[in-house]
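This is model_13.cif (mmCIF, C-alpha atoms).
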data_protein
loop_
_atom_site.label_atom_id
_atom_site.label_comp_id
_atom_site.auth_asym_id
_atom_site.auth_seq_id
_atom_site.Cartn_x
_atom_site.Cartn_y
_atom_site.Cartn_z
CA MET A 12 31.50 -7.41 15.17
CA PHE A 13 28.06 -8.93 14.56
CA ALA A 14 28.49 -11.50 17.32
CA MET A 15 29.35 -8.77 19.83
CA LEU A 16 26.53 -6.55 18.56
CA PHE A 17 23.78 -9.14 18.95
CA LEU A 18 25.15 -10.24 22.31
CA ALA A 19 24.94 -6.64 23.53
CA ILE A 20 21.45 -6.11 22.10
CA MET A 21 20.05 -9.37 23.45
CA SER A 22 21.45 -8.53 26.89
CA GLY A 23 19.22 -5.44 26.92
CA PHE A 24 21.86 -2.77 26.27
CA PRO A 25 20.50 0.16 24.19
CA VAL A 26 20.91 -0.47 20.46
CA ALA A 27 22.45 2.91 19.64
CA PHE A 28 25.18 2.48 22.25
CA SER A 29 25.66 -1.17 21.31
CA LEU A 30 26.37 -0.15 17.71
CA GLY A 31 28.72 2.68 18.66
CA GLY A 32 30.43 0.80 21.48
CA VAL A 33 31.16 -2.30 19.41
CA ALA A 34 32.49 -0.09 16.60
CA LEU A 35 34.87 1.75 18.91
CA ILE A 36 36.12 -1.46 20.58
CA ILE A 37 36.69 -3.33 17.31
CA GLY A 38 38.09 -0.19 15.68
CA GLY A 39 40.58 0.12 18.54
CA VAL A 40 41.63 -3.50 18.14
CA GLY A 41 41.96 -2.97 14.39
CA GLU A 42 44.12 0.08 14.97
CA ILE A 43 46.45 -1.85 17.28
CA MET A 44 46.74 -4.59 14.66
CA GLY A 45 47.33 -2.02 11.91
CA GLU A 46 44.18 -3.07 10.02
CA PHE A 47 42.10 0.07 10.48
CA TYR A 48 42.80 3.13 8.35
CA PHE A 49 41.27 5.75 10.73
CA SER A 50 44.20 5.78 13.12
CA ASP A 51 42.87 8.77 15.09
CA PHE A 52 39.13 7.98 14.81
CA SER A 53 38.69 11.27 12.98
CA PHE A 54 35.57 9.85 11.33
CA ILE A 55 33.53 10.50 14.50
CA PRO A 56 33.14 14.30 14.19
CA GLN A 57 32.90 13.98 10.39
CA ARG A 58 29.98 11.57 10.66
CA LEU A 59 28.22 13.53 13.40
CA PHE A 60 28.29 16.82 11.52
CA GLY A 61 27.55 15.03 8.25
CA ILE A 62 24.28 13.74 9.70
CA MET A 63 23.39 17.14 11.14
CA GLN A 64 23.91 18.84 7.78
CA LYS A 65 21.68 16.51 5.72
CA PHE A 66 18.70 18.51 4.50
CA THR A 67 16.70 15.37 3.64
CA LEU A 68 16.73 14.11 7.22
CA MET A 69 14.88 17.23 8.41
CA ALA A 70 11.77 15.50 7.04
CA VAL A 71 11.94 12.90 9.84
CA PRO A 72 10.94 15.19 12.76
CA MET A 73 8.47 17.01 10.49
CA PHE A 74 6.59 13.82 9.57
CA ILE A 75 6.69 12.62 13.19
CA PHE A 76 5.26 15.97 14.30
CA MET A 77 2.57 15.79 11.60
CA GLY A 78 1.52 12.29 12.62
CA LEU A 79 1.37 13.02 16.33
CA THR A 80 -0.61 16.21 15.73
CA LEU A 81 -3.21 14.42 13.62
CA GLU A 82 -3.44 11.67 16.23
CA LYS A 83 -4.60 14.35 18.70
CA SER A 84 -7.12 15.72 16.20
CA GLY A 85 -9.50 12.74 16.46
CA LEU A 86 -9.20 12.11 12.74
CA ALA A 87 -9.10 8.31 13.12
CA ALA A 88 -12.38 8.21 15.05
CA GLU A 89 -14.22 10.27 12.43
CA LEU A 90 -12.83 8.22 9.55
CA LEU A 91 -13.73 4.93 11.19
CA GLU A 92 -17.27 6.05 12.00
CA SER A 93 -17.86 7.33 8.47
CA LEU A 94 -16.41 4.38 6.56
CA GLN A 95 -18.18 1.96 8.87
CA GLN A 96 -21.48 3.46 7.71
CA ILE A 97 -20.48 3.25 4.04
CA PHE A 98 -19.57 -0.45 4.21
CA LYS A 99 -21.91 -1.65 6.96
CA ARG A 100 -24.20 -3.60 4.60
CA LEU A 101 -21.29 -5.48 3.01
CA LYS A 102 -20.33 -8.73 4.73
CA GLY A 103 -16.97 -8.06 6.36
CA GLY A 104 -17.58 -4.35 5.74
CA LEU A 105 -16.28 -3.14 9.10
CA ALA A 106 -13.01 -5.03 8.54
CA ILE A 107 -12.72 -3.50 5.06
CA SER A 108 -13.36 -0.03 6.47
CA ILE A 109 -10.55 -0.56 9.00
CA VAL A 110 -8.13 -1.38 6.18
CA LEU A 111 -9.18 1.80 4.34
CA VAL A 112 -8.87 3.88 7.51
CA GLY A 113 -5.39 2.43 8.02
CA ALA A 114 -4.47 3.42 4.46
CA LEU A 115 -5.82 6.97 4.86
CA LEU A 116 -4.06 7.42 8.19
CA ALA A 117 -0.87 6.04 6.65
CA ALA A 118 -1.09 8.66 3.90
CA SER A 119 -1.56 11.44 6.45
CA THR A 120 0.29 10.36 9.60
CA GLY A 121 2.50 7.29 9.16
CA ILE A 122 2.77 6.73 12.94
CA VAL A 123 2.19 3.00 13.49
CA GLY A 124 1.78 3.10 17.26
CA ALA A 125 -0.85 5.84 17.23
CA THR A 126 -2.82 4.16 14.42
CA VAL A 127 -2.88 0.69 15.99
CA VAL A 128 -3.75 1.99 19.47
CA THR A 129 -6.52 4.25 18.17
CA MET A 130 -8.14 1.63 15.94
CA GLY A 131 -7.64 -1.08 18.52
CA ALA A 132 -9.33 0.93 21.26
CA MET A 133 -12.22 2.02 19.05
CA ALA A 134 -12.81 -0.73 16.50
CA LEU A 135 -11.89 -3.96 18.27
CA PRO A 136 -14.69 -3.83 20.90
CA THR A 137 -17.17 -2.96 18.12
CA MET A 138 -16.01 -5.87 15.95
CA LEU A 139 -16.33 -8.30 18.85
CA LYS A 140 -19.75 -6.90 19.74
CA TRP A 141 -21.04 -7.53 16.23
CA GLY A 142 -19.70 -11.07 16.09
CA TYR A 143 -16.41 -10.84 14.21
CA ASN A 144 -13.91 -13.64 14.73
CA LYS A 145 -11.27 -12.62 17.29
CA GLU A 146 -8.28 -13.61 15.15
CA LEU A 147 -9.60 -11.86 12.04
CA ALA A 148 -10.36 -8.68 13.99
CA CYS A 149 -6.91 -8.58 15.60
CA GLY A 150 -5.10 -9.32 12.34
CA VAL A 151 -6.96 -6.65 10.37
CA ILE A 152 -6.32 -3.93 12.95
CA ALA A 153 -2.64 -4.75 13.51
CA ALA A 154 -1.83 -5.13 9.80
CA SER A 155 -3.77 -2.02 8.74
CA GLY A 156 -1.94 0.01 11.37
CA THR A 157 1.43 -0.84 9.80
CA LEU A 158 0.54 0.46 6.31
CA GLY A 159 2.25 3.74 7.22
CA GLN A 160 5.59 2.00 6.71
CA ILE A 161 5.07 1.69 2.95
CA ILE A 162 2.37 4.22 2.00
CA PRO A 163 4.00 7.66 1.69
CA PRO A 164 4.80 9.89 3.44
CA SER A 165 6.79 7.26 5.31
CA ILE A 166 9.66 7.81 7.72
CA VAL A 167 11.15 4.48 6.59
CA LEU A 168 11.32 5.72 3.00
CA VAL A 169 13.00 8.96 4.12
CA LEU A 170 15.67 7.01 6.00
CA LEU A 171 16.15 4.50 3.16
CA GLY A 172 16.46 7.31 0.64
CA ASP A 173 19.19 8.95 2.69
CA MET A 174 21.10 5.74 3.36
CA MET A 175 20.84 4.41 -0.21
CA ASN A 176 21.41 7.79 -1.92
CA ILE A 177 18.02 7.67 -3.66
CA ASP A 178 15.80 10.69 -4.10
CA VAL A 179 13.05 10.56 -1.47
CA GLY A 180 10.55 11.97 -3.95
CA ASP A 181 11.23 9.03 -6.28
CA LEU A 182 10.71 6.64 -3.37
CA PHE A 183 7.41 8.26 -2.39
CA VAL A 184 6.09 7.98 -5.94
CA GLY A 185 7.45 4.45 -6.37
CA ALA A 186 5.73 3.31 -3.16
CA ILE A 187 2.23 4.48 -4.17
CA ILE A 188 1.26 1.49 -6.35
CA PRO A 189 2.87 -1.18 -4.07
CA GLY A 190 1.11 0.40 -1.08
CA LEU A 191 -2.25 0.35 -2.86
CA LEU A 192 -1.54 -3.22 -4.00
CA LEU A 193 -1.05 -4.28 -0.39
CA VAL A 194 -4.33 -2.59 0.61
CA LEU A 195 -6.12 -4.37 -2.25
CA ILE A 196 -4.67 -7.73 -1.20
CA TYR A 197 -5.88 -7.19 2.38
CA ILE A 198 -9.40 -6.32 1.18
CA LEU A 199 -9.57 -9.29 -1.20
CA TYR A 200 -8.41 -11.58 1.60
CA ILE A 201 -11.18 -10.34 3.90
CA ILE A 202 -13.85 -10.72 1.22
CA ILE A 203 -12.73 -14.23 0.28
CA ARG A 204 -12.34 -15.40 3.88
CA VAL A 205 -15.80 -14.27 4.97
CA GLN A 206 -17.35 -15.83 1.87
CA ILE A 207 -15.62 -19.16 2.49
CA ASN A 208 -16.35 -19.08 6.21
CA PRO A 209 -19.41 -16.86 6.89
CA GLU A 210 -19.07 -17.36 10.64
CA LEU A 211 -16.02 -15.08 10.70
CA ALA A 212 -18.15 -11.96 10.20
CA PRO A 213 -21.76 -10.97 11.01
CA SER A 214 -24.47 -11.26 8.38
CA ARG A 215 -26.03 -8.22 6.74
CA SER A 216 -29.22 -8.56 8.76
CA ASP A 217 -27.22 -8.42 12.00
CA LEU A 218 -25.76 -5.06 10.96
CA GLU A 219 -29.02 -3.37 10.02
CA ASN A 220 -29.44 -2.26 13.62
CA ILE A 221 -26.21 -0.27 13.91
CA GLU A 222 -27.33 2.61 16.06
CA SER A 223 -26.16 5.75 14.28
CA GLU A 224 -26.43 7.01 10.75
CA VAL A 225 -23.82 9.39 9.39
CA GLY A 226 -24.87 11.86 6.72
CA ILE A 227 -23.06 12.49 3.46
CA GLY A 228 -21.84 15.86 4.69
CA ARG A 229 -20.24 14.38 7.79
CA ILE A 230 -18.62 11.62 5.75
CA ALA A 231 -17.19 14.22 3.38
CA MET A 232 -15.88 16.29 6.30
CA ALA A 233 -14.18 13.19 7.74
CA LEU A 234 -12.49 12.31 4.44
CA LEU A 235 -11.50 15.88 3.57
CA PRO A 236 -8.59 16.43 6.04
CA PRO A 237 -6.50 13.37 5.00
CA MET A 238 -7.19 14.16 1.34
CA ILE A 239 -5.99 17.73 1.82
CA LEU A 240 -2.81 16.54 3.51
CA MET A 241 -2.18 14.02 0.74
CA VAL A 242 -2.46 16.84 -1.81
CA ILE A 243 -0.19 19.10 0.24
CA VAL A 244 2.53 16.51 0.84
CA LEU A 245 2.44 14.13 -2.14
CA GLY A 246 0.93 16.58 -4.62
CA SER A 247 3.61 19.19 -4.03
CA ILE A 248 6.30 16.53 -4.61
CA LEU A 249 4.63 15.02 -7.69
CA PHE A 250 4.18 18.38 -9.37
CA GLY A 251 7.69 19.56 -8.51
CA LEU A 252 6.51 22.37 -6.25
CA ALA A 253 8.48 21.24 -3.19
CA SER A 254 11.18 18.85 -2.09
CA PRO A 255 10.17 16.07 0.33
CA THR A 256 11.65 18.06 3.20
CA GLU A 257 9.71 21.20 2.26
CA ALA A 258 6.56 19.12 1.76
CA SER A 259 6.98 17.62 5.23
CA ALA A 260 7.07 21.13 6.74
CA CYS A 261 3.89 22.04 4.83
CA GLY A 262 2.29 18.82 6.08
CA ALA A 263 3.22 19.65 9.68
CA LEU A 264 1.66 23.09 9.34
CA GLY A 265 -1.42 21.56 7.69
CA ALA A 266 -1.81 19.10 10.57
CA LEU A 267 -1.67 21.97 13.05
CA LEU A 268 -4.35 23.88 11.16
CA ILE A 269 -6.64 20.82 10.90
CA THR A 270 -6.29 20.10 14.63
CA ALA A 271 -6.92 23.77 15.45
CA LEU A 272 -10.03 23.87 13.24
CA LYS A 273 -11.36 20.83 15.09
CA LYS A 274 -10.82 22.81 18.32
CA ARG A 275 -8.51 20.18 19.76
CA LEU A 276 -5.29 22.21 19.80
CA GLY A 277 -4.16 23.95 22.97
CA LEU A 278 -0.89 24.77 24.67
CA LYS A 279 -0.98 21.58 26.72
CA ILE A 280 -1.58 19.42 23.62
CA LEU A 281 1.06 21.30 21.65
CA LYS A 282 3.59 20.78 24.45
CA GLU A 283 2.85 17.02 24.50
CA ILE A 284 3.24 16.79 20.72
CA MET A 285 6.55 18.65 20.76
CA GLN A 286 7.95 16.59 23.63
CA GLU A 287 6.98 13.29 21.98
CA THR A 288 8.37 14.46 18.64
CA THR A 289 11.67 15.34 20.31
CA LYS A 290 11.89 11.94 22.03
CA MET A 291 11.15 9.96 18.86
CA THR A 292 13.50 12.08 16.75
CA CYS A 293 16.34 11.73 19.27
CA MET A 294 15.81 7.96 19.33
CA VAL A 295 16.05 7.72 15.54
CA PHE A 296 19.10 9.93 15.20
CA THR A 297 20.98 8.40 18.13
CA ILE A 298 20.63 4.98 16.51
CA LEU A 299 21.70 6.54 13.19
CA VAL A 300 24.88 7.92 14.76
CA GLY A 301 25.75 4.53 16.29
CA ALA A 302 25.05 2.81 12.97
CA GLN A 303 27.31 5.27 11.15
CA PHE A 304 30.17 4.36 13.49
CA PHE A 305 29.50 0.65 13.02
CA GLY A 306 29.40 0.96 9.24
CA VAL A 307 32.61 2.97 9.00
CA VAL A 308 34.59 0.50 11.13
CA PHE A 309 33.09 -2.47 9.28
CA ARG A 310 34.16 -1.03 5.92
CA GLY A 311 37.46 0.21 7.33
CA LEU A 312 38.36 -3.36 8.28
CA GLY A 313 37.42 -4.62 4.80
CA GLY A 314 34.15 -6.27 5.80
CA ASP A 315 32.25 -5.10 2.72
CA ASP A 316 35.08 -6.26 0.42
CA MET A 317 35.05 -9.66 2.08
CA ILE A 318 31.28 -10.06 1.57
CA SER A 319 31.49 -8.90 -2.06
CA ALA A 320 34.36 -11.27 -2.77
CA LEU A 321 32.51 -14.17 -1.15
CA ILE A 322 29.46 -13.60 -3.38
CA LEU A 323 31.16 -12.63 -6.63
CA ASP A 324 34.01 -15.16 -6.56
CA ASN A 325 31.56 -18.03 -6.13
CA GLU A 326 29.33 -16.66 -8.92
CA ILE A 327 26.16 -17.03 -6.87
CA ASN A 328 22.99 -16.09 -8.75
CA ARG A 329 22.14 -12.51 -7.82
CA TYR A 330 18.50 -13.36 -7.08
CA TYR A 331 19.61 -16.03 -4.61
CA VAL A 332 21.67 -13.34 -2.87
CA LEU A 333 18.68 -10.97 -2.85
CA ILE A 334 16.35 -13.62 -1.42
CA ALA A 335 18.93 -14.62 1.22
CA ILE A 336 19.26 -10.99 2.37
CA MET A 337 15.47 -10.56 2.42
CA VAL A 338 15.12 -13.71 4.52
CA LEU A 339 17.83 -12.46 6.88
CA MET A 340 16.07 -9.11 7.34
CA PHE A 341 12.74 -10.88 7.88
CA LEU A 342 14.25 -13.10 10.59
CA MET A 343 15.91 -10.12 12.25
CA GLY A 344 12.45 -8.54 12.43
CA PHE A 345 11.47 -11.15 15.04
CA PHE A 346 13.95 -9.57 17.47
CA LEU A 347 14.81 -6.03 16.31
CA ASP A 348 12.96 -2.83 15.48
CA PHE A 349 12.75 -1.74 11.82
CA ILE A 350 15.03 1.27 12.45
CA GLU A 351 17.71 -0.95 13.97
CA ILE A 352 17.53 -3.43 11.06
CA CYS A 353 17.64 -0.57 8.57
CA PHE A 354 20.72 1.05 10.08
CA ILE A 355 22.60 -2.21 10.67
CA VAL A 356 21.97 -4.04 7.39
CA ILE A 357 21.46 -1.39 4.70
CA PRO A 358 24.95 0.20 4.74
CA ILE A 359 26.52 -3.26 4.42
CA VAL A 360 24.36 -4.98 1.81
CA CYS A 361 23.29 -2.13 -0.46
CA PRO A 362 26.71 -1.48 -2.07
CA LEU A 363 26.79 -5.18 -2.94
CA LEU A 364 23.23 -5.33 -4.28
CA ILE A 365 23.27 -2.03 -6.19
CA ASN A 366 26.88 -1.59 -7.31
CA ASP A 367 28.08 -5.18 -7.74
CA LEU A 368 24.88 -7.07 -8.56
CA GLU A 369 23.31 -4.08 -10.37
CA PHE A 370 19.82 -4.17 -8.88
CA ASN A 371 17.68 -1.07 -9.34
CA GLY A 372 18.05 0.97 -6.14
CA LEU A 373 14.52 2.37 -6.15
CA TRP A 374 12.97 -1.07 -6.62
CA LEU A 375 15.25 -2.55 -3.95
CA ALA A 376 14.32 0.17 -1.43
CA ILE A 377 10.59 -0.59 -1.79
CA LEU A 378 11.24 -4.33 -1.29
CA ILE A 379 13.20 -3.53 1.86
CA ALA A 380 10.48 -1.17 3.14
CA ILE A 381 7.78 -3.86 2.84
CA ASN A 382 10.14 -6.37 4.45
CA LEU A 383 10.75 -4.00 7.35
CA GLN A 384 6.98 -3.58 7.68
CA THR A 385 6.71 -7.24 8.69
CA SER A 386 8.92 -6.54 11.73
CA PHE A 387 5.93 -4.79 13.35
CA LEU A 388 3.87 -7.98 13.12
CA THR A 389 6.30 -10.82 13.79
CA PRO A 390 6.38 -12.16 17.38
CA PRO A 391 7.76 -12.01 19.96
CA PHE A 392 8.86 -8.36 19.60
CA GLY A 393 6.47 -6.98 16.96
CA PHE A 394 5.54 -3.53 18.23
CA ALA A 395 2.08 -3.57 16.64
CA LEU A 396 1.32 -6.68 18.70
CA PHE A 397 2.30 -4.89 21.91
CA TYR A 398 0.26 -1.82 20.99
CA LEU A 399 -2.84 -3.89 20.22
CA LYS A 400 -2.55 -6.08 23.29
CA GLY A 401 -2.28 -2.97 25.44
CA VAL A 402 -5.72 -1.70 24.40
CA ALA A 403 -7.48 -5.01 23.64
CA PRO A 404 -10.42 -6.22 25.80
CA PRO A 405 -9.60 -8.92 28.40
CA GLU A 406 -11.06 -11.72 26.26
CA ILE A 407 -8.37 -11.15 23.60
CA SER A 408 -5.33 -13.33 24.32
CA THR A 409 -1.84 -12.95 22.93
CA TRP A 410 -2.42 -16.18 21.01
CA ASN A 411 -5.47 -14.64 19.31
CA ILE A 412 -3.29 -11.77 18.11
CA TYR A 413 -0.47 -14.07 16.92
CA LYS A 414 -2.91 -16.24 14.94
CA GLY A 415 -4.63 -13.18 13.52
CA ILE A 416 -1.51 -11.53 12.11
CA THR A 417 -0.04 -14.68 10.53
CA PRO A 418 -2.01 -14.49 7.24
CA PHE A 419 -1.15 -10.81 6.88
CA VAL A 420 2.57 -11.51 7.29
CA PHE A 421 2.31 -14.05 4.47
CA MET A 422 0.44 -11.48 2.38
CA GLN A 423 3.28 -9.01 2.86
CA ILE A 424 5.80 -11.68 1.84
CA ALA A 425 3.65 -12.50 -1.20
CA THR A 426 3.65 -8.81 -2.13
CA ILE A 427 7.45 -8.81 -2.06
CA GLY A 428 7.39 -11.83 -4.37
CA ILE A 429 5.02 -10.05 -6.78
CA LEU A 430 7.29 -7.00 -6.89
CA ILE A 431 10.35 -9.19 -7.56
CA VAL A 432 8.59 -10.85 -10.49
CA PHE A 433 7.05 -7.59 -11.77
CA PRO A 434 9.50 -4.75 -10.95
CA ASP A 435 7.62 -2.31 -13.19
CA ILE A 436 4.99 -2.05 -10.45
CA VAL A 437 7.56 0.04 -8.57
CA THR A 438 9.41 1.78 -11.40
CA TYR A 439 6.55 2.60 -13.80
CA LEU A 440 5.01 5.59 -11.98
CA PRO A 441 8.32 7.37 -11.19
CA LYS A 442 9.30 7.09 -14.86
CA ILE A 443 6.07 8.83 -15.89
CA VAL A 444 6.05 11.49 -13.17
CA PHE A 445 9.73 12.42 -13.43
CA SER A 446 10.16 11.81 -17.17
CA GLN A 447 10.59 15.52 -17.74
#
Using the file provided, produce a representation of the structure as structure tokens.
Amino acid sequence: MFAMLFLAIMSGFPVAFSLGGVALIIGGVGEIMGEFYFSDFSFIPQRLFGIMQKFTLMAVPMFIFMGLTLEKSGLAAELLESLQQIFKRLKGGLAISIVLVGALLAASTGIVGATVVTMGAMALPTMLKWGYNKELACGVIAASGTLGQIIPPSIVLVLLGDMMNIDVGDLFVGAIIPGLLLVLIYILYIIIRVQINPELAPSRSDLENIESEVGIGRIAMALLPPMILMVIVLGSILFGLASPTEASACGALGALLITALKKRLGLKILKEIMQETTKMTCMVFTILVGAQFFGVVFRGLGGDDMISALILDNEINRYYVLIAIMVLMFLMGFFLDFIEICFIVIPIVCPLLINDLEFNGLWLAILIAINLQTSFLTPPFGFALFYLKGVAPPEISTWNIYKGITPFVFMQIATIGILIVFPDIVTYLPKIVFSQ
């Protein structure tokens, strides 16, 4: 099944139809051989309507809509301008401000493409103008743009919660400290690098002549919208006022109001947002349907039992198994999108890791989310690299981008290692918040 699947994907056939087509072909062969227990393929309508009836998954189009709406509001430009003024006298300050903008946009939008394109178009020319190293500038922008994969509200966490039968609210709370840890690691890296090699960033005297000054009031007005959305979405979940799905609807409404107040919302913009939301949602759910077919046939033919028996009968250390699966997912990220990896791998490995090897599901989901985040940065098919290259000035080569993102990929891997050694980083906050 996996050989046929990757052959179909690498040949350029759509992933959703590759998953479903391989499942139907192998399922048919299994039925002829008497090895498949769904003799009439009755699982197809069951799975389709099962997906449609899942209340949790309604959060996916809501968060996509919220992110696209805020992208039209010009929020990123205001945040970048304001934080640039706050940190301009700190060596490497513009790079640090980009990381913080990426974190704030992640907490209010979570749309990687929009974040990378916006910051790349606005910040990269400025960084080059003021003498930042090309590789450092590219790496900071690309990596900061992917923070929306781990910092809630995150579409990845919604999908993982549904597939792993974990409460999405628990995942959102559990991801807060790891997400902030990753931001802190990025900032520390920038500070240390520019201290070791001062030529990577302009000196303080070079930045004294930045043209514009932004007042405290304007800075506050730039920071207020993402803070309000964070309170609406995460606050309502933390205080038990709303489920993640209800909070996503409130966030979508809040994004509309913010964009309207900034006088950037019109019928044309609203139509574009709705069309793009529909396209992205259809893409996600079509892949999900194909993955459901693939998973059912795989389990129906005893694939999960075979994998469990292979691991358990040989008494392999459970952490070796975990690391092997993490490495596999990381390598798949060089060639596949995070949604495709999620839907292909999770249904197969999670029963083994959670039920047989008894890993904490919440902790495991956060490890997987950070691992999937690397798929945006790993060449040759890292989407953040494509987004950045598309808006980068002509003097930025693909090699500059590849070199720039490499340290940040290692930082993400290091973060996974820290969370494996110290699992309480993930589980501590949910225990406190949901202790009642």
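Put simply, atom CA of A:Val194 is 16.6 Å away from atom CA of A:Leu383.
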Residue members of the PyMOL selection byres ((chain A and resi 172) around 12) in the file shown, as an MDAnalysis selection string: chainID A and resid 65 67:68 70:71 165:171 173:183 185 255 353 357:358 361 372:377 379:380
Translate the PyMOL selection byres ((chain A and resi 309) around 10), as applied to the file shown, into an explicit residue set as a PyMOL selection string. chain A and resi 12-13+34+37-38+47+303-308+310-316+358-359
Residues at most 10 Å from A:Ala88, counting all atoms listed in the file, excluding those fewer than 2 positions away in the same chain, as an MDAnalysis selection string? chainID A and resid 82 84:86 90:93 112 129:130 133:134 233
Check what the PyMOL selection byres ((chain A and resi 437) around 9) selects in the file above and give those residues as an MDAnalysis selection string. chainID A and resid 182 184:189 373:374 377 430 433:436 438:441
Any idea what's packed within 10 Å of stretch 330-340 of chain A, counting all atoms listed in the file, ignoring anything in its chain fewer than 5 positions away? Could you give it as a ChimeraX atom specification? /A:322,345,347,349,352-353,356-357,360,363-364,368,370,375,378-379,382-383,385-386,424,427-428,431
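The smallest atom-to-atom distance between A:Tyr143 and any of A:Leu264, A:Phe397, A:Glu89, A:Pro213, using only C-alpha atoms, is found for A:Pro213.
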Identify which of the residues A:Ile162, A:Ile198, A:Leu276, A:Ile350 lies closest to A:Ala302, counting all atoms listed in the file when measuring atom-to-atom distances. A:Ile350
From the list A:Pro56, A:Gly23, A:Pro136, A:Pro236, the nearest residue to A:Leu116 using only C-alpha atoms is A:Pro236
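We find atom CA of A:Glu210 and atom CA of A:Lys140 to be spaced 13.9 Å apart.
Remark: residues at most 7 Å from position (10.4, -9.3, 13.7) in file coordinates are A:Phe341, A:Leu342, A:Met343, A:Gly344, A:Phe345, A:Phe346, A:Leu347, A:Thr385, A:Ser386, A:Phe387, A:Leu388, A:Thr389, A:Pro390, A:Phe392, A:Gly393, using all atoms listed in the file.
The neighbours of A:Ala27 here are the residues that come within 7 Å of it, using only C-alpha atoms and leaving out any residue fewer than 5 positions away in the same chain; they are Thr297, Ile298 and Gly301 of chain A.
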Put those residues in a file: C-alpha atoms, as a PDB file, keeping the file's coordinate frame.
ATOM      1  CA  THR A 297      20.980   8.400  18.130  1.00  0.00           C
ATOM      2  CA  ILE A 298      20.630   4.980  16.510  1.00  0.00           C
ATOM      3  CA  GLY A 301      25.750   4.530  16.290  1.00  0.00           C
TER       4      GLY A 301
END
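You can rank A:Glu369, A:Gly131, A:Leu396, A:Gly32 by their closest distance to A:Thr417 using only C-alpha atoms, and at the top of that list sits A:Leu396.
Our summary of the geometry notes that atom CA of A:Ile318 is positioned 11.0 Å from atom CA of A:Asp367.
Comparing A:Leu193, A:Ile443, A:Ile36, A:Val295 by their smallest distance to A:Phe354, the closest is A:Val295 (using only C-alpha atoms).
The nearest approach to A:Met138 among the residues A:Gln423, A:Ser108, A:Asn325, A:Gln160, with only C-alpha atoms taken into account, belongs to A:Ser108.
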